[in-house]
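Structure record follows, encoded as structure tokens.
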Amino acid sequence: MGSASKATKNVNNAHDSEILRGLHAAIIDLVDEINRPRRDDRLIEEAGIPLDRALFPLLARVWRYGPIGVVELADRTGRDHTTISRQMTKLEELGLIERKPSMTDRRVREATVTEKGQEMVDLLNAARERLANRILVDWTDEDLAQLRALLRRFADDLMR
């Protein structure tokens, strides 16, 4: 099949509405569950760290995407940049991140995780893994590999 035929097929490829509604419902349930404050509290408790619930998602994102500026971090979290700026200041005061002028735009201060911050991220990641193992106890490695591959594909397509 030529590339023109393939492109036409993809444009006309309407998926089953019931499947799409079910997928949408599952995604909403997943996002709602992930965003519950009690989940954050449980993770912080499992990690045994003294970190405010509002700060640890920012620390995790600085670790994942850093160096990162306040505006980009606010965009990624869906929060106001003034709120993020205050929370970044707290993370900096705690010695978990450091901010330096961007190499590409000196007006922007970008955050990276410090050694102390990395230790906390490591504790959070280990706690997240322990909690995930409890939830996924009946899943096979093949199930998890398939889920990971499909979620990565979905996230990549969503971000295009």
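Residue names in the structure tokens use chain letters A, B, ... in the order shown, residue numbers from 1 in each chain, and ligand numbers from 1 in the order shown.
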query = Tell me, which residues of chain A carry DSSP helix (DSSP H, G or I), written as a ChimeraX atom specification?
reply = /A:3-12,17-34,37-47,56-65,70-77,81-93,115-135,141-159
Expected file contents, prior selection, C-alpha atoms, as an mmCIF file, in the first residue's frame:
```
data_model
loop_
_atom_site.group_PDB
_atom_site.id
_atom_site.type_symbol
_atom_site.label_atom_id
_atom_site.label_comp_id
_atom_site.auth_asym_id
_atom_site.auth_seq_id
_atom_site.Cartn_x
_atom_site.Cartn_y
_atom_site.Cartn_z
ATOM 1 C CA SER A 3 1.927 6.210 1.486
ATOM 2 C CA ALA A 4 -1.052 8.127 0.008
ATOM 3 C CA SER A 5 -3.352 5.143 0.592
ATOM 4 C CA LYS A 6 -2.008 4.649 4.088
ATOM 5 C CA ALA A 7 -2.570 8.320 4.977
ATOM 6 C CA THR A 8 -6.152 8.142 3.659
ATOM 7 C CA LYS A 9 -6.810 4.986 5.642
ATOM 8 C CA ASN A 10 -5.595 6.637 8.877
ATOM 9 C CA VAL A 11 -7.752 9.727 8.296
ATOM 10 C CA ASN A 12 -10.842 7.592 7.698
ATOM 11 C CA SER A 17 -17.421 4.771 19.879
ATOM 12 C CA GLU A 18 -18.083 2.369 22.741
ATOM 13 C CA ILE A 19 -14.404 1.462 22.976
ATOM 14 C CA LEU A 20 -13.387 5.133 22.899
ATOM 15 C CA ARG A 21 -15.942 6.030 25.603
ATOM 16 C CA GLY A 22 -14.649 3.172 27.748
ATOM 17 C CA LEU A 23 -11.063 4.305 27.213
ATOM 18 C CA HIS A 24 -11.994 7.871 28.121
ATOM 19 C CA ALA A 25 -13.794 6.689 31.274
ATOM 20 C CA ALA A 26 -10.769 4.602 32.311
ATOM 21 C CA ILE A 27 -8.416 7.548 31.769
ATOM 22 C CA ILE A 28 -10.646 9.853 33.841
ATOM 23 C CA ASP A 29 -10.806 7.255 36.628
ATOM 24 C CA LEU A 30 -7.032 6.846 36.500
ATOM 25 C CA VAL A 31 -6.327 10.598 36.601
ATOM 26 C CA ASP A 32 -8.864 11.091 39.406
ATOM 27 C CA GLU A 33 -7.302 8.317 41.468
ATOM 28 C CA ILE A 34 -3.751 9.540 40.875
ATOM 29 C CA PRO A 37 -4.476 13.708 48.089
ATOM 30 C CA ARG A 38 -4.595 10.457 50.073
ATOM 31 C CA ARG A 39 -2.479 8.794 47.350
ATOM 32 C CA ASP A 40 0.191 11.446 47.799
ATOM 33 C CA ASP A 41 0.001 11.087 51.579
ATOM 34 C CA ARG A 42 0.384 7.307 51.283
ATOM 35 C CA LEU A 43 3.424 7.662 49.023
ATOM 36 C CA ILE A 44 5.096 10.196 51.325
ATOM 37 C CA GLU A 45 4.407 7.976 54.330
ATOM 38 C CA GLU A 46 5.732 4.881 52.518
ATOM 39 C CA ALA A 47 8.887 6.805 51.545
ATOM 40 C CA PHE A 56 6.805 16.351 45.987
ATOM 41 C CA PRO A 57 5.143 16.363 42.537
ATOM 42 C CA LEU A 58 7.253 19.406 41.666
ATOM 43 C CA LEU A 59 10.420 17.733 42.891
ATOM 44 C CA ALA A 60 9.556 14.670 40.792
ATOM 45 C CA ARG A 61 9.011 16.809 37.691
ATOM 46 C CA VAL A 62 12.218 18.794 38.184
ATOM 47 C CA TRP A 63 13.983 15.427 38.404
ATOM 48 C CA ARG A 64 12.189 14.123 35.290
ATOM 49 C CA TYR A 65 12.382 17.229 33.084
ATOM 50 C CA VAL A 70 8.896 27.973 36.451
ATOM 51 C CA VAL A 71 6.714 28.721 33.416
ATOM 52 C CA GLU A 72 7.279 25.305 31.838
ATOM 53 C CA LEU A 73 6.763 23.571 35.184
ATOM 54 C CA ALA A 74 3.533 25.509 35.735
ATOM 55 C CA ASP A 75 2.358 24.474 32.279
ATOM 56 C CA ARG A 76 3.162 20.812 32.955
ATOM 57 C CA THR A 77 1.324 20.818 36.291
ATOM 58 C CA HIS A 81 3.250 30.166 37.727
ATOM 59 C CA THR A 82 3.224 32.380 40.844
ATOM 60 C CA THR A 83 2.206 29.375 42.953
ATOM 61 C CA ILE A 84 4.881 27.241 41.331
ATOM 62 C CA SER A 85 7.463 29.982 41.897
ATOM 63 C CA ARG A 86 6.679 30.072 45.641
ATOM 64 C CA GLN A 87 6.839 26.284 45.867
ATOM 65 C CA MET A 88 10.124 26.210 43.958
ATOM 66 C CA THR A 89 11.516 28.706 46.465
ATOM 67 C CA LYS A 90 10.517 26.311 49.263
ATOM 68 C CA LEU A 91 12.213 23.392 47.500
ATOM 69 C CA GLU A 92 15.317 25.530 47.077
ATOM 70 C CA GLU A 93 15.277 26.567 50.772
ATOM 71 C CA GLU A 115 22.187 15.587 45.719
ATOM 72 C CA LYS A 116 19.848 15.891 48.726
ATOM 73 C CA GLY A 117 16.899 16.157 46.341
ATOM 74 C CA GLN A 118 18.074 13.075 44.445
ATOM 75 C CA GLU A 119 18.168 11.106 47.703
ATOM 76 C CA MET A 120 14.548 12.106 48.335
ATOM 77 C CA VAL A 121 13.546 11.224 44.760
ATOM 78 C CA ASP A 122 15.210 7.826 45.206
ATOM 79 C CA LEU A 123 13.166 7.227 48.382
ATOM 80 C CA LEU A 124 9.964 8.266 46.571
ATOM 81 C CA ASN A 125 10.741 6.014 43.594
ATOM 82 C CA ALA A 126 11.448 3.037 45.861
ATOM 83 C CA ALA A 127 8.200 3.680 47.763
ATOM 84 C CA ARG A 128 6.271 4.015 44.487
ATOM 85 C CA GLU A 129 7.701 0.684 43.346
ATOM 86 C CA ARG A 130 6.703 -1.036 46.611
ATOM 87 C CA LEU A 131 3.162 0.352 46.338
ATOM 88 C CA ALA A 132 2.929 -0.630 42.655
ATOM 89 C CA ASN A 133 4.058 -4.174 43.457
ATOM 90 C CA ARG A 134 1.200 -4.467 45.969
ATOM 91 C CA ILE A 135 -1.336 -3.219 43.424
ATOM 92 C CA ASP A 141 5.680 -9.288 33.503
ATOM 93 C CA GLU A 142 4.182 -9.651 30.017
ATOM 94 C CA ASP A 143 1.024 -7.780 31.142
ATOM 95 C CA LEU A 144 3.142 -4.975 32.557
ATOM 96 C CA ALA A 145 5.377 -4.777 29.495
ATOM 97 C CA GLN A 146 2.319 -4.527 27.251
ATOM 98 C CA LEU A 147 0.729 -1.869 29.480
ATOM 99 C CA ARG A 148 3.979 0.122 29.548
ATOM 100 C CA ALA A 149 4.340 -0.034 25.767
ATOM 101 C CA LEU A 150 0.747 1.006 25.113
ATOM 102 C CA LEU A 151 0.786 3.816 27.680
ATOM 103 C CA ARG A 152 4.078 5.130 26.284
ATOM 104 C CA ARG A 153 2.646 5.022 22.762
ATOM 105 C CA PHE A 154 -0.519 6.804 23.929
ATOM 106 C CA ALA A 155 1.449 9.478 25.807
ATOM 107 C CA ASP A 156 3.746 10.043 22.831
ATOM 108 C CA ASP A 157 0.801 10.355 20.432
ATOM 109 C CA LEU A 158 -0.999 12.676 22.842
ATOM 110 C CA MET A 159 2.027 14.980 23.098
#
```
key: For atom CA of A:Arg36 and atom CA of A:Asp138, the interatomic separation in Å (one decimal)   =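 One can read the atom CA of A:Arg36 to atom CA of A:Asp138 distance as 23.7 Å.
Atom CA of A:Leu94 is positioned 23.6 Å from atom CA of A:Arg107.
When atom CA of A:Leu55 is paired with atom CA of A:Gly95, their separation reads 12.6 Å.
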